[in-house]
file data.txt (compact mmCIF, C-alpha atoms)
# COMPACT_ATOMS: atom_id res chain seq x y z
CA MET A 30 13.01 -12.92 30.76
CA LYS A 31 14.31 -12.09 27.31
CA THR A 32 12.24 -12.34 24.17
CA SER A 33 12.99 -11.08 20.68
CA ILE A 34 11.72 -10.68 17.15
CA ASN A 35 13.41 -10.00 13.85
CA MET A 36 11.64 -7.73 11.38
CA ASN A 37 12.82 -8.16 7.85
CA TRP A 38 12.49 -5.29 5.39
CA LYS A 39 10.62 -6.41 2.26
CA LYS A 40 11.40 -3.25 0.21
CA GLY A 41 9.00 -0.33 0.02
CA MET A 42 7.72 0.22 3.55
CA ALA A 43 6.83 -3.39 4.36
CA PHE A 44 8.37 -5.39 7.18
CA GLU A 45 7.73 -9.04 7.90
CA THR A 46 8.31 -10.99 11.07
CA GLU A 47 7.34 -14.31 12.56
CA MET A 48 5.87 -14.50 16.01
CA ASN A 49 4.87 -17.75 17.71
CA GLY A 50 5.02 -19.34 14.25
CA HIS A 51 2.69 -16.79 12.67
CA LYS A 52 3.77 -14.44 9.91
CA ILE A 53 3.02 -10.78 10.54
CA VAL A 54 3.41 -8.08 7.90
CA VAL A 55 3.14 -4.36 8.55
CA ASP A 56 3.15 -1.78 5.79
CA ALA A 57 2.39 1.87 5.07
CA ASN A 58 -0.45 2.99 2.84
CA GLU A 59 0.24 4.13 -0.72
CA GLU A 60 0.18 7.78 0.30
CA ASN A 61 3.20 7.10 2.48
CA GLY A 62 5.19 5.01 0.05
CA GLY A 63 3.76 1.64 1.01
CA LYS A 64 1.61 -0.96 -0.71
CA ASP A 65 -0.78 -1.64 2.15
CA LEU A 66 0.40 -5.26 2.44
CA GLY A 67 -0.44 -5.20 6.15
CA PRO A 68 -1.74 -2.89 8.85
CA ARG A 69 0.06 0.21 10.13
CA PRO A 70 2.30 -0.66 13.09
CA LYS A 71 1.12 1.90 15.64
CA GLY A 72 -2.40 0.45 15.79
CA LEU A 73 -0.94 -2.89 16.86
CA MET A 74 -0.45 -1.23 20.25
CA MET A 75 -4.25 -1.35 20.61
CA VAL A 76 -4.44 -4.98 19.47
CA ALA A 77 -1.82 -5.94 22.05
CA LEU A 78 -3.87 -4.34 24.81
CA GLY A 79 -7.26 -5.66 23.72
CA GLY A 80 -5.99 -9.20 23.23
CA CYS A 81 -4.12 -9.28 26.51
CA THR A 82 -6.96 -8.09 28.72
CA GLY A 83 -9.62 -9.90 26.66
CA MET A 84 -7.94 -13.28 27.20
CA ASP A 85 -7.55 -12.56 30.92
CA VAL A 86 -11.24 -11.76 31.27
CA VAL A 87 -12.37 -14.85 29.34
CA SER A 88 -10.12 -17.04 31.44
CA ILE A 89 -11.21 -15.55 34.78
CA LEU A 90 -14.91 -15.77 33.86
CA GLN A 91 -14.46 -19.43 32.89
CA LYS A 92 -13.08 -20.10 36.37
CA MET A 93 -16.10 -18.27 37.85
CA ARG A 94 -18.35 -20.44 35.65
CA VAL A 95 -19.83 -17.41 33.95
CA GLU A 96 -21.03 -18.28 30.45
CA LEU A 97 -20.86 -15.68 27.75
CA ASP A 98 -22.74 -15.70 24.46
CA GLY A 99 -20.59 -12.94 23.04
CA PHE A 100 -17.79 -10.64 24.03
CA ASN A 101 -16.20 -7.66 22.33
CA VAL A 102 -13.27 -5.61 23.49
CA ARG A 103 -13.32 -2.17 21.92
CA ILE A 104 -10.28 0.04 22.28
CA GLU A 105 -10.56 3.77 21.70
CA GLY A 106 -7.20 5.45 21.47
CA ASN A 107 -6.34 9.11 21.50
CA LEU A 108 -3.31 10.28 19.53
CA THR A 109 -1.58 13.54 20.41
CA GLU A 110 -1.79 16.43 17.95
CA GLU A 111 1.91 17.24 18.33
CA HIS A 112 4.63 15.16 16.74
CA PRO A 113 5.58 12.43 17.18
CA LYS A 114 1.88 11.53 17.27
CA HIS A 115 1.54 8.97 20.01
CA PHE A 116 -1.15 7.50 22.20
CA ASP A 117 -1.70 9.51 25.37
CA GLU A 118 -4.94 7.77 26.30
CA MET A 119 -6.72 4.48 25.67
CA LYS A 120 -10.18 3.51 26.78
CA ILE A 121 -11.23 -0.13 26.88
CA ILE A 122 -14.92 -0.92 26.49
CA TYR A 123 -15.78 -4.48 27.47
CA GLU A 124 -19.10 -5.49 25.85
CA PHE A 125 -20.64 -8.66 27.18
CA THR A 126 -23.62 -10.60 25.86
CA GLY A 127 -25.24 -13.50 27.73
CA LYS A 128 -28.15 -14.67 29.83
CA ASN A 129 -28.51 -13.33 33.39
CA LEU A 130 -25.01 -11.94 33.51
CA GLU A 131 -24.13 -10.57 36.93
CA GLU A 132 -22.43 -7.22 36.60
CA GLU A 133 -20.49 -7.75 39.80
CA LYS A 134 -18.73 -10.85 38.46
CA LEU A 135 -17.92 -9.18 35.17
CA LYS A 136 -16.52 -6.19 37.01
CA LYS A 137 -14.40 -8.43 39.21
CA ALA A 138 -12.91 -10.20 36.19
CA VAL A 139 -12.14 -6.92 34.45
CA ASP A 140 -10.62 -5.39 37.58
CA LEU A 141 -8.41 -8.44 38.12
CA SER A 142 -7.11 -8.21 34.57
CA MET A 143 -6.46 -4.48 34.71
CA GLU A 144 -4.96 -4.43 38.17
CA ARG A 145 -3.17 -7.75 38.44
CA TYR A 146 -2.82 -9.86 35.30
CA CYS A 147 -2.46 -7.88 32.11
CA GLY A 148 1.17 -7.08 31.36
CA VAL A 149 0.31 -4.79 28.46
CA SER A 150 -1.79 -2.49 30.61
CA ALA A 151 0.90 -2.58 33.31
CA ALA A 152 3.33 -1.10 30.78
CA TYR A 153 0.89 1.30 29.08
CA ARG A 154 -0.32 2.69 32.41
CA LYS A 155 3.11 4.26 32.87
CA ALA A 156 2.89 5.97 29.49
CA MET A 157 -0.73 7.09 29.11
CA LYS A 158 -4.15 7.36 30.74
CA LEU A 159 -6.05 4.08 30.77
CA ASN A 160 -9.78 3.94 31.40
CA TYR A 161 -12.29 1.16 31.12
CA GLU A 162 -15.99 0.59 31.05
CA ILE A 163 -18.29 -2.43 31.12
CA VAL A 164 -21.34 -2.70 28.88
CA ILE A 165 -23.87 -5.54 29.14
CA LYS A 166 -25.89 -5.93 25.97
CA MET B 25 -7.16 12.37 17.13
CA LYS B 26 -9.35 9.41 17.96
CA THR B 27 -8.86 5.96 16.56
CA SER B 28 -10.46 2.68 17.55
CA ILE B 29 -10.60 -1.04 17.00
CA ASN B 30 -13.13 -3.69 17.88
CA MET B 31 -11.84 -7.09 18.96
CA ASN B 32 -14.37 -9.83 18.59
CA TRP B 33 -14.13 -12.91 20.79
CA LYS B 34 -14.08 -16.09 18.65
CA LYS B 35 -14.55 -18.51 21.58
CA GLY B 36 -11.61 -20.21 23.29
CA MET B 37 -8.98 -17.52 23.74
CA ALA B 38 -9.03 -16.14 20.20
CA PHE B 39 -9.90 -12.56 19.32
CA GLU B 40 -10.21 -11.16 15.83
CA THR B 41 -10.11 -7.59 14.65
CA GLU B 42 -9.74 -5.68 11.43
CA MET B 43 -7.18 -2.95 11.12
CA ASN B 44 -6.69 -0.87 7.96
CA GLY B 45 -8.66 -3.58 6.15
CA HIS B 46 -6.43 -6.42 7.37
CA LYS B 47 -7.71 -9.19 9.61
CA ILE B 48 -5.65 -9.80 12.74
CA VAL B 49 -6.16 -12.78 15.03
CA VAL B 50 -4.51 -13.22 18.40
CA ASP B 51 -4.78 -16.40 20.43
CA ALA B 52 -3.25 -18.23 23.38
CA ASN B 53 -1.30 -21.45 23.02
CA GLU B 54 -2.93 -24.77 23.90
CA GLU B 55 -1.32 -24.80 27.33
CA ASN B 56 -3.30 -21.68 28.15
CA GLY B 57 -6.63 -22.74 26.71
CA GLY B 58 -6.07 -21.45 23.20
CA LYS B 59 -5.72 -23.02 19.79
CA ASP B 60 -2.74 -20.98 18.58
CA LEU B 61 -4.79 -19.42 15.78
CA GLY B 62 -2.61 -16.33 15.95
CA PRO B 63 0.30 -14.86 17.89
CA ARG B 64 0.21 -13.91 21.58
CA PRO B 65 -0.86 -10.29 22.02
CA LYS B 66 1.97 -8.99 24.21
CA GLY B 67 4.61 -9.59 21.55
CA LEU B 68 2.72 -7.29 19.19
CA MET B 69 4.12 -4.47 21.31
CA MET B 70 7.51 -5.30 19.78
CA VAL B 71 6.10 -5.49 16.24
CA ALA B 72 4.52 -2.04 16.70
CA LEU B 73 7.87 -0.57 17.72
CA GLY B 74 9.97 -2.31 15.05
CA GLY B 75 7.55 -1.44 12.25
CA CYS B 76 7.20 2.17 13.31
CA THR B 77 10.88 2.97 13.56
CA GLY B 78 11.81 0.72 10.63
CA MET B 79 9.49 2.61 8.26
CA ASP B 80 10.83 5.95 9.52
CA VAL B 81 14.41 4.91 8.88
CA VAL B 82 13.67 3.58 5.37
CA SER B 83 11.84 6.77 4.50
CA ILE B 84 14.55 9.09 5.86
CA LEU B 85 17.33 7.15 4.11
CA GLN B 86 15.41 7.36 0.83
CA LYS B 87 15.34 11.14 1.18
CA MET B 88 19.10 11.07 1.87
CA ARG B 89 19.52 8.92 -1.27
CA VAL B 90 21.10 6.12 0.72
CA GLU B 91 20.51 2.77 -0.98
CA LEU B 92 20.14 -0.32 1.13
CA ASP B 93 20.50 -3.91 -0.03
CA GLY B 94 18.97 -5.25 3.15
CA PHE B 95 17.64 -4.06 6.46
CA ASN B 96 16.54 -5.88 9.59
CA VAL B 97 15.10 -4.42 12.74
CA ARG B 98 15.63 -6.75 15.66
CA ILE B 99 13.83 -6.04 18.92
CA GLU B 100 15.03 -7.61 22.15
CA GLY B 101 12.55 -7.19 24.95
CA ASN B 102 12.98 -7.85 28.63
CA LEU B 103 9.95 -8.98 30.63
CA THR B 104 9.82 -8.47 34.39
CA GLU B 105 9.97 -11.53 36.64
CA GLU B 106 7.16 -10.24 38.85
CA HIS B 107 3.53 -10.28 37.83
CA PRO B 108 2.04 -8.91 35.74
CA LYS B 109 4.97 -9.73 33.51
CA HIS B 110 5.52 -6.69 31.37
CA PHE B 111 8.24 -5.13 29.26
CA ASP B 112 10.58 -2.95 31.26
CA GLU B 113 13.20 -2.67 28.54
CA MET B 114 13.46 -2.96 24.76
CA LYS B 115 16.57 -2.79 22.68
CA ILE B 116 16.39 -2.09 18.95
CA ILE B 117 19.18 -3.41 16.75
CA TYR B 118 19.18 -1.88 13.27
CA GLU B 119 21.09 -4.12 10.88
CA PHE B 120 21.96 -2.59 7.54
CA THR B 121 23.42 -4.22 4.45
CA GLY B 122 24.63 -2.27 1.42
CA LYS B 123 27.59 -0.98 -0.53
CA ASN B 124 29.70 1.81 0.99
CA LEU B 125 27.15 2.66 3.64
CA GLU B 126 28.15 5.73 5.66
CA GLU B 127 27.60 5.09 9.33
CA GLU B 128 26.98 8.75 10.01
CA LYS B 129 23.96 8.89 7.69
CA LEU B 130 22.52 5.69 9.11
CA LYS B 131 22.96 7.04 12.62
CA LYS B 132 21.27 10.31 11.66
CA ALA B 133 18.25 8.48 10.26
CA VAL B 134 17.95 6.27 13.34
CA ASP B 135 18.33 9.22 15.71
CA LEU B 136 15.67 11.20 13.85
CA SER B 137 13.24 8.30 14.12
CA MET B 138 13.90 7.68 17.78
CA GLU B 139 13.96 11.29 18.85
CA ARG B 140 11.47 12.96 16.55
CA TYR B 141 9.30 10.74 14.37
CA CYS B 142 8.37 7.43 15.92
CA GLY B 143 5.20 7.68 17.96
CA VAL B 144 5.52 4.18 19.37
CA SER B 145 8.90 4.89 20.92
CA ALA B 146 7.60 8.23 22.21
CA ALA B 147 4.98 6.29 24.19
CA TYR B 148 7.19 3.37 25.24
CA ARG B 149 9.96 5.66 26.44
CA LYS B 150 7.66 6.78 29.27
CA ALA B 151 7.09 3.17 30.32
CA MET B 152 10.43 1.40 29.90
CA LYS B 153 14.10 1.74 29.03
CA LEU B 154 14.73 2.02 25.28
CA ASN B 155 18.17 1.45 23.80
CA TYR B 156 19.34 1.11 20.25
CA GLU B 157 22.33 0.03 18.28
CA ILE B 158 23.40 0.14 14.64
CA VAL B 159 25.09 -2.80 12.94
CA ILE B 160 26.49 -2.61 9.40
CA LYS B 161 26.92 -6.04 7.85
call {"tool": "encode", "arguments": {"input": "data.txt", "output": "structure tokens"}}
result
Amino acid sequence: MKTSINMNWKKGMAFETEMNGHKIVVDANEENGGKDLGPRPKGLMMVALGGCTGMDVVSILQKMRVELDGFNVRIEGNLTEEHPKHFDEMKIIYEFTGKNLEEEKLKKAVDLSMERYCGVSAAYRKAMKLNYEIVIK
Amino acid sequence: MKTSINMNWKKGMAFETEMNGHKIVVDANEENGGKDLGPRPKGLMMVALGGCTGMDVVSILQKMRVELDGFNVRIEGNLTEEHPKHFDEMKIIYEFTGKNLEEEKLKKAVDLSMERYCGVSAAYRKAMKLNYEIVIK
């Protein structure tokens, strides 16, 4: 299936695009010739991963009738020292809050996302190390 | 170098994070239990790539004293048919507008980004096919 975006240069270092009807701007910081009108692009790789697996997990837990009070997906990325600096590892920390949460169910939901559902991790796994961890708060 | 983000679940399918001081929300569409409060996460993989290489090219052309009237970075992604649906190919189309643009300089800037500077393409190249094309309008 084909999908596409068009990123329009807004002078300086800023680029703007529309995705699913939402405007997204990326920009460099002032040190690098930008005006900080939006986030740096590379970090969006982490947002893509966290959003993708986070939505999977919420959806699977809903089907299992597991109720969450809170849920955070923390992504820790490691960038190489050598140029071009790129991610060679990402760790996903799933932090759940709720009453009487069963670790086994949470683990099942996370495993299903990481092994079967999440298309972002399916791609990243070929390019870097991916680890994950579950924390119940 | 370590870097991290924290994505906070906002109920439904929405997650919110802050990156470089900018709020980013991702969400599913209504069909998938969301409220469309932000774009789908997977597509952000294309924004990361387009922004990264686009900023490189602008910066290199500035150093070469090449003046652009306009510049678009179009990303065409191909998603696999099988699950989990993930990108197995991305094509980058660099569209330049300007007076007396020399194709050779544009090509040099694009090649430098793709081969030496852009950390997003350095990662994606391990996971999928990457192609690119230059269009002068």
call {"tool": "residues_around", "arguments": {"input": "data.txt", "residues": "Glu96 (chain A)", "least_positions_apart": "2", "cutoff": "9 Å", "atoms": "only C-alpha atoms", "output": "PyMOL selection string"}}
result
chain A and resi 90-91+93-94+98+127-128+130
call {"tool": "residues_around", "arguments": {"input": "data.txt", "residues": "Arg64 (chain B)", "least_positions_apart": "4", "cutoff": "10 Å", "atoms": "all atoms listed in the file", "output": "ChimeraX atom specification"}}
result
/A:48-49,51,77,80-81,84 /B:38,49-53,58,60,68
call {"tool": "closest_atom_pairs", "arguments": {"input": "data.txt", "of": "chain B", "to": "chain A", "cutoff": "7 Å", "atoms": "all atoms listed in the file", "output": "JSON lines"}}
result
{"residue": "B:Met25", "atom": "CA", "partner": "A:Leu108", "partner_atom": "CA", "distance": 5.0}
{"residue": "B:Lys26", "atom": "CA", "partner": "A:Asn107", "partner_atom": "CA", "distance": 4.7}
{"residue": "B:Thr27", "atom": "CA", "partner": "A:Gly106", "partner_atom": "CA", "distance": 5.2}
{"residue": "B:Ser28", "atom": "CA", "partner": "A:Glu105", "partner_atom": "CA", "distance": 4.3}
{"residue": "B:Ile29", "atom": "CA", "partner": "A:Ile104", "partner_atom": "CA", "distance": 5.4}
{"residue": "B:Asn30", "atom": "CA", "partner": "A:Arg103", "partner_atom": "CA", "distance": 4.3}
{"residue": "B:Met31", "atom": "CA", "partner": "A:Val102", "partner_atom": "CA", "distance": 5.0}
{"residue": "B:Asn32", "atom": "CA", "partner": "A:Asn101", "partner_atom": "CA", "distance": 4.7}
{"residue": "B:Trp33", "atom": "CA", "partner": "A:Phe100", "partner_atom": "CA", "distance": 5.4}
{"residue": "B:Met37", "atom": "CA", "partner": "A:Met84", "partner_atom": "CA", "distance": 5.6}
{"residue": "B:Phe39", "atom": "CA", "partner": "A:Gly80", "partner_atom": "CA", "distance": 6.5}
{"residue": "B:Met43", "atom": "CA", "partner": "A:Pro68", "partner_atom": "CA", "distance": 5.9}
{"residue": "B:Asn44", "atom": "CA", "partner": "A:Pro68", "partner_atom": "CA", "distance": 5.4}
{"residue": "B:His46", "atom": "CA", "partner": "A:Pro68", "partner_atom": "CA", "distance": 6.1}
{"residue": "B:Val50", "atom": "CA", "partner": "A:Gly80", "partner_atom": "CA", "distance": 6.5}
{"residue": "B:Gly62", "atom": "CA", "partner": "A:His51", "partner_atom": "CA", "distance": 6.2}
{"residue": "B:Pro63", "atom": "CA", "partner": "A:Asn49", "partner_atom": "CA", "distance": 5.4}
{"residue": "B:Pro65", "atom": "CA", "partner": "A:Ala77", "partner_atom": "CA", "distance": 4.5}
{"residue": "B:Lys66", "atom": "CA", "partner": "A:Ala77", "partner_atom": "CA", "distance": 5.3}
{"residue": "B:Leu68", "atom": "CA", "partner": "A:Ala77", "partner_atom": "CA", "distance": 5.5}
{"residue": "B:Met69", "atom": "CA", "partner": "A:Met74", "partner_atom": "CA", "distance": 5.7}
{"residue": "B:Val71", "atom": "CA", "partner": "A:Pro70", "partner_atom": "CA", "distance": 6.9}
{"residue": "B:Ala72", "atom": "CA", "partner": "A:Pro70", "partner_atom": "CA", "distance": 4.5}
{"residue": "B:Gly74", "atom": "CA", "partner": "A:Met36", "partner_atom": "CA", "distance": 6.8}
{"residue": "B:Gly75", "atom": "CA", "partner": "A:Pro70", "partner_atom": "CA", "distance": 5.4}
{"residue": "B:Cys76", "atom": "CA", "partner": "A:Pro70", "partner_atom": "CA", "distance": 5.7}
{"residue": "B:Met79", "atom": "CA", "partner": "A:Met42", "partner_atom": "CA", "distance": 5.6}
{"residue": "B:Gly94", "atom": "CA", "partner": "A:Trp38", "partner_atom": "CA", "distance": 6.9}
{"residue": "B:Phe95", "atom": "CA", "partner": "A:Trp38", "partner_atom": "CA", "distance": 5.4}
{"residue": "B:Asn96", "atom": "CA", "partner": "A:Asn37", "partner_atom": "CA", "distance": 4.7}
{"residue": "B:Val97", "atom": "CA", "partner": "A:Met36", "partner_atom": "CA", "distance": 5.0}
{"residue": "B:Arg98", "atom": "CA", "partner": "A:Asn35", "partner_atom": "CA", "distance": 4.3}
{"residue": "B:Ile99", "atom": "CA", "partner": "A:Ile34", "partner_atom": "CA", "distance": 5.4}
{"residue": "B:Glu100", "atom": "CA", "partner": "A:Ser33", "partner_atom": "CA", "distance": 4.3}
{"residue": "B:Gly101", "atom": "CA", "partner": "A:Thr32", "partner_atom": "CA", "distance": 5.2}
{"residue": "B:Asn102", "atom": "CA", "partner": "A:Lys31", "partner_atom": "CA", "distance": 4.6}
{"residue": "B:Leu103", "atom": "CA", "partner": "A:Met30", "partner_atom": "CA", "distance": 5.0}
{"residue": "B:Thr104", "atom": "CA", "partner": "A:Met30", "partner_atom": "CA", "distance": 6.6}
{"residue": "B:Glu105", "atom": "CA", "partner": "A:Met30", "partner_atom": "CA", "distance": 6.8}
{"residue": "B:His107", "atom": "CA", "partner": "A:Tyr146", "partner_atom": "CA", "distance": 6.8}
{"residue": "B:Pro108", "atom": "CA", "partner": "A:Gly148", "partner_atom": "CA", "distance": 4.8}
{"residue": "B:Lys109", "atom": "CA", "partner": "A:Gly148", "partner_atom": "CA", "distance": 5.1}
{"residue": "B:His110", "atom": "CA", "partner": "A:Gly148", "partner_atom": "CA", "distance": 4.4}
{"residue": "B:Phe111", "atom": "CA", "partner": "A:Ala152", "partner_atom": "CA", "distance": 6.5}
{"residue": "B:Arg140", "atom": "CA", "partner": "A:Pro113", "partner_atom": "CA", "distance": 5.9}
{"residue": "B:Tyr141", "atom": "CA", "partner": "A:Pro113", "partner_atom": "CA", "distance": 5.0}
{"residue": "B:Cys142", "atom": "CA", "partner": "A:Pro113", "partner_atom": "CA", "distance": 5.9}
{"residue": "B:Gly143", "atom": "CA", "partner": "A:His115", "partner_atom": "CA", "distance": 4.4}
{"residue": "B:Val144", "atom": "CA", "partner": "A:Lys71", "partner_atom": "CA", "distance": 6.2}
{"residue": "B:Ala146", "atom": "CA", "partner": "A:His115", "partner_atom": "CA", "distance": 6.5}
{"residue": "B:Ala147", "atom": "CA", "partner": "A:Ala156", "partner_atom": "CA", "distance": 5.7}
{"residue": "B:Tyr148", "atom": "CA", "partner": "A:Ala156", "partner_atom": "CA", "distance": 6.6}
{"residue": "B:Lys150", "atom": "CA", "partner": "A:Ala156", "partner_atom": "CA", "distance": 4.8}
{"residue": "B:Ala151", "atom": "CA", "partner": "A:Lys155", "partner_atom": "CA", "distance": 4.9}
call {"tool": "closest_residue", "arguments": {"input": "data.txt", "among": "B:Lys129, B:Glu54, B:Glu106, B:Val159", "to": "Val90 (chain B)", "atoms": "all atoms listed in the file"}}
result
B:Lys129
call {"tool": "atom_distance", "arguments": {"input": "data.txt", "atom1": "CA of Lys161 (chain B)", "atom2": "CA of Thr121 (chain B)"}}
result
5.2 Å
call {"tool": "atom_distance", "arguments": {"input": "data.txt", "atom1": "CA of Glu55 (chain B)", "atom2": "CA of Val139 (chain A)"}}
result
22.1 Å
call {"tool": "atom_distance", "arguments": {"input": "data.txt", "atom1": "CA of Lys92 (chain A)", "atom2": "CA of Asn160 (chain A)"}}
result
24.8 Å
call {"tool": "build_atoms", "arguments": {"input": "data.txt", "residues": "region 43-63 of chain A", "atoms": "N, CA, C and O atoms", "output": "PDB file, in the frame of the given file"}}
result
ATOM      1  N   ALA A  43       7.327  -2.181   3.694  1.00  0.00           N
ATOM      2  CA  ALA A  43       6.830  -3.390   4.360  1.00  0.00           C
ATOM      3  C   ALA A  43       7.915  -4.092   5.181  1.00  0.00           C
ATOM      4  O   ALA A  43       9.069  -4.183   4.773  1.00  0.00           O
ATOM      5  N   PHE A  44       7.512  -4.576   6.320  1.00  0.00           N
ATOM      6  CA  PHE A  44       8.370  -5.390   7.180  1.00  0.00           C
ATOM      7  C   PHE A  44       7.605  -6.652   7.550  1.00  0.00           C
ATOM      8  O   PHE A  44       6.407  -6.600   7.812  1.00  0.00           O
ATOM      9  N   GLU A  45       8.358  -7.762   7.581  1.00  0.00           N
ATOM     10  CA  GLU A  45       7.730  -9.040   7.900  1.00  0.00           C
ATOM     11  C   GLU A  45       8.453  -9.673   9.083  1.00  0.00           C
ATOM     12  O   GLU A  45       9.679  -9.597   9.191  1.00  0.00           O
ATOM     13  N   THR A  46       7.693 -10.280   9.966  1.00  0.00           N
ATOM     14  CA  THR A  46       8.310 -10.990  11.070  1.00  0.00           C
ATOM     15  C   THR A  46       7.504 -12.249  11.355  1.00  0.00           C
ATOM     16  O   THR A  46       6.401 -12.424  10.828  1.00  0.00           O
ATOM     17  N   GLU A  47       8.078 -13.129  12.153  1.00  0.00           N
ATOM     18  CA  GLU A  47       7.340 -14.310  12.560  1.00  0.00           C
ATOM     19  C   GLU A  47       7.239 -14.283  14.064  1.00  0.00           C
ATOM     20  O   GLU A  47       8.242 -14.046  14.747  1.00  0.00           O
ATOM     21  N   MET A  48       6.034 -14.496  14.568  1.00  0.00           N
ATOM     22  CA  MET A  48       5.870 -14.500  16.010  1.00  0.00           C
ATOM     23  C   MET A  48       5.029 -15.687  16.403  1.00  0.00           C
ATOM     24  O   MET A  48       3.911 -15.845  15.888  1.00  0.00           O
ATOM     25  N   ASN A  49       5.560 -16.526  17.299  1.00  0.00           N
ATOM     26  CA  ASN A  49       4.870 -17.750  17.710  1.00  0.00           C
ATOM     27  C   ASN A  49       4.459 -18.567  16.484  1.00  0.00           C
ATOM     28  O   ASN A  49       3.375 -19.163  16.457  1.00  0.00           O
ATOM     29  N   GLY A  50       5.307 -18.562  15.452  1.00  0.00           N
ATOM     30  CA  GLY A  50       5.020 -19.340  14.250  1.00  0.00           C
ATOM     31  C   GLY A  50       4.060 -18.685  13.280  1.00  0.00           C
ATOM     32  O   GLY A  50       3.697 -19.292  12.270  1.00  0.00           O
ATOM     33  N   HIS A  51       3.630 -17.472  13.562  1.00  0.00           N
ATOM     34  CA  HIS A  51       2.690 -16.790  12.670  1.00  0.00           C
ATOM     35  C   HIS A  51       3.370 -15.620  11.978  1.00  0.00           C
ATOM     36  O   HIS A  51       4.020 -14.818  12.624  1.00  0.00           O
ATOM     37  N   LYS A  52       3.182 -15.534  10.680  1.00  0.00           N
ATOM     38  CA  LYS A  52       3.770 -14.440   9.910  1.00  0.00           C
ATOM     39  C   LYS A  52       2.976 -13.152  10.146  1.00  0.00           C
ATOM     40  O   LYS A  52       1.738 -13.173  10.122  1.00  0.00           O
ATOM     41  N   ILE A  53       3.679 -12.074  10.385  1.00  0.00           N
ATOM     42  CA  ILE A  53       3.020 -10.780  10.540  1.00  0.00           C
ATOM     43  C   ILE A  53       3.692  -9.792   9.601  1.00  0.00           C
ATOM     44  O   ILE A  53       4.922  -9.681   9.588  1.00  0.00           O
ATOM     45  N   VAL A  54       2.886  -9.103   8.815  1.00  0.00           N
ATOM     46  CA  VAL A  54       3.410  -8.080   7.900  1.00  0.00           C
ATOM     47  C   VAL A  54       2.810  -6.736   8.299  1.00  0.00           C
ATOM     48  O   VAL A  54       1.609  -6.636   8.564  1.00  0.00           O
ATOM     49  N   VAL A  55       3.651  -5.727   8.384  1.00  0.00           N
ATOM     50  CA  VAL A  55       3.140  -4.360   8.550  1.00  0.00           C
ATOM     51  C   VAL A  55       3.596  -3.569   7.327  1.00  0.00           C
ATOM     52  O   VAL A  55       4.620  -3.875   6.724  1.00  0.00           O
ATOM     53  N   ASP A  56       2.813  -2.575   6.974  1.00  0.00           N
ATOM     54  CA  ASP A  56       3.150  -1.780   5.790  1.00  0.00           C
ATOM     55  C   ASP A  56       2.499  -0.401   5.920  1.00  0.00           C
ATOM     56  O   ASP A  56       1.563  -0.214   6.697  1.00  0.00           O
ATOM     57  N   ALA A  57       3.010   0.548   5.148  1.00  0.00           N
ATOM     58  CA  ALA A  57       2.390   1.870   5.070  1.00  0.00           C
ATOM     59  C   ALA A  57       1.335   1.855   3.969  1.00  0.00           C
ATOM     60  O   ALA A  57       1.297   0.939   3.151  1.00  0.00           O
ATOM     61  N   ASN A  58       0.487   2.860   3.961  1.00  0.00           N
ATOM     62  CA  ASN A  58      -0.450   2.990   2.840  1.00  0.00           C
ATOM     63  C   ASN A  58       0.267   3.620   1.637  1.00  0.00           C
ATOM     64  O   ASN A  58       1.419   4.030   1.753  1.00  0.00           O
ATOM     65  N   GLU A  59      -0.431   3.664   0.504  1.00  0.00           N
ATOM     66  CA  GLU A  59       0.240   4.130  -0.720  1.00  0.00           C
ATOM     67  C   GLU A  59       0.673   5.595  -0.625  1.00  0.00           C
ATOM     68  O   GLU A  59       1.718   5.979  -1.141  1.00  0.00           O
ATOM     69  N   GLU A  60      -0.133   6.368   0.062  1.00  0.00           N
ATOM     70  CA  GLU A  60       0.180   7.780   0.300  1.00  0.00           C
ATOM     71  C   GLU A  60       1.564   7.967   0.946  1.00  0.00           C
ATOM     72  O   GLU A  60       2.229   8.969   0.752  1.00  0.00           O
ATOM     73  N   ASN A  61       1.925   7.008   1.759  1.00  0.00           N
ATOM     74  CA  ASN A  61       3.200   7.100   2.480  1.00  0.00           C
ATOM     75  C   ASN A  61       4.253   6.133   1.949  1.00  0.00           C
ATOM     76  O   ASN A  61       5.135   5.700   2.686  1.00  0.00           O
ATOM     77  N   GLY A  62       4.138   5.806   0.677  1.00  0.00           N
ATOM     78  CA  GLY A  62       5.190   5.010   0.050  1.00  0.00           C
ATOM     79  C   GLY A  62       5.054   3.513   0.220  1.00  0.00           C
ATOM     80  O   GLY A  62       5.953   2.761  -0.154  1.00  0.00           O
ATOM     81  N   GLY A  63       3.950   3.067   0.795  1.00  0.00           N
ATOM     82  CA  GLY A  63       3.760   1.640   1.010  1.00  0.00           C
ATOM     83  C   GLY A  63       2.850   1.016  -0.027  1.00  0.00           C
ATOM     84  O   GLY A  63       2.462   1.663  -1.004  1.00  0.00           O
TER      85      GLY A  63
END
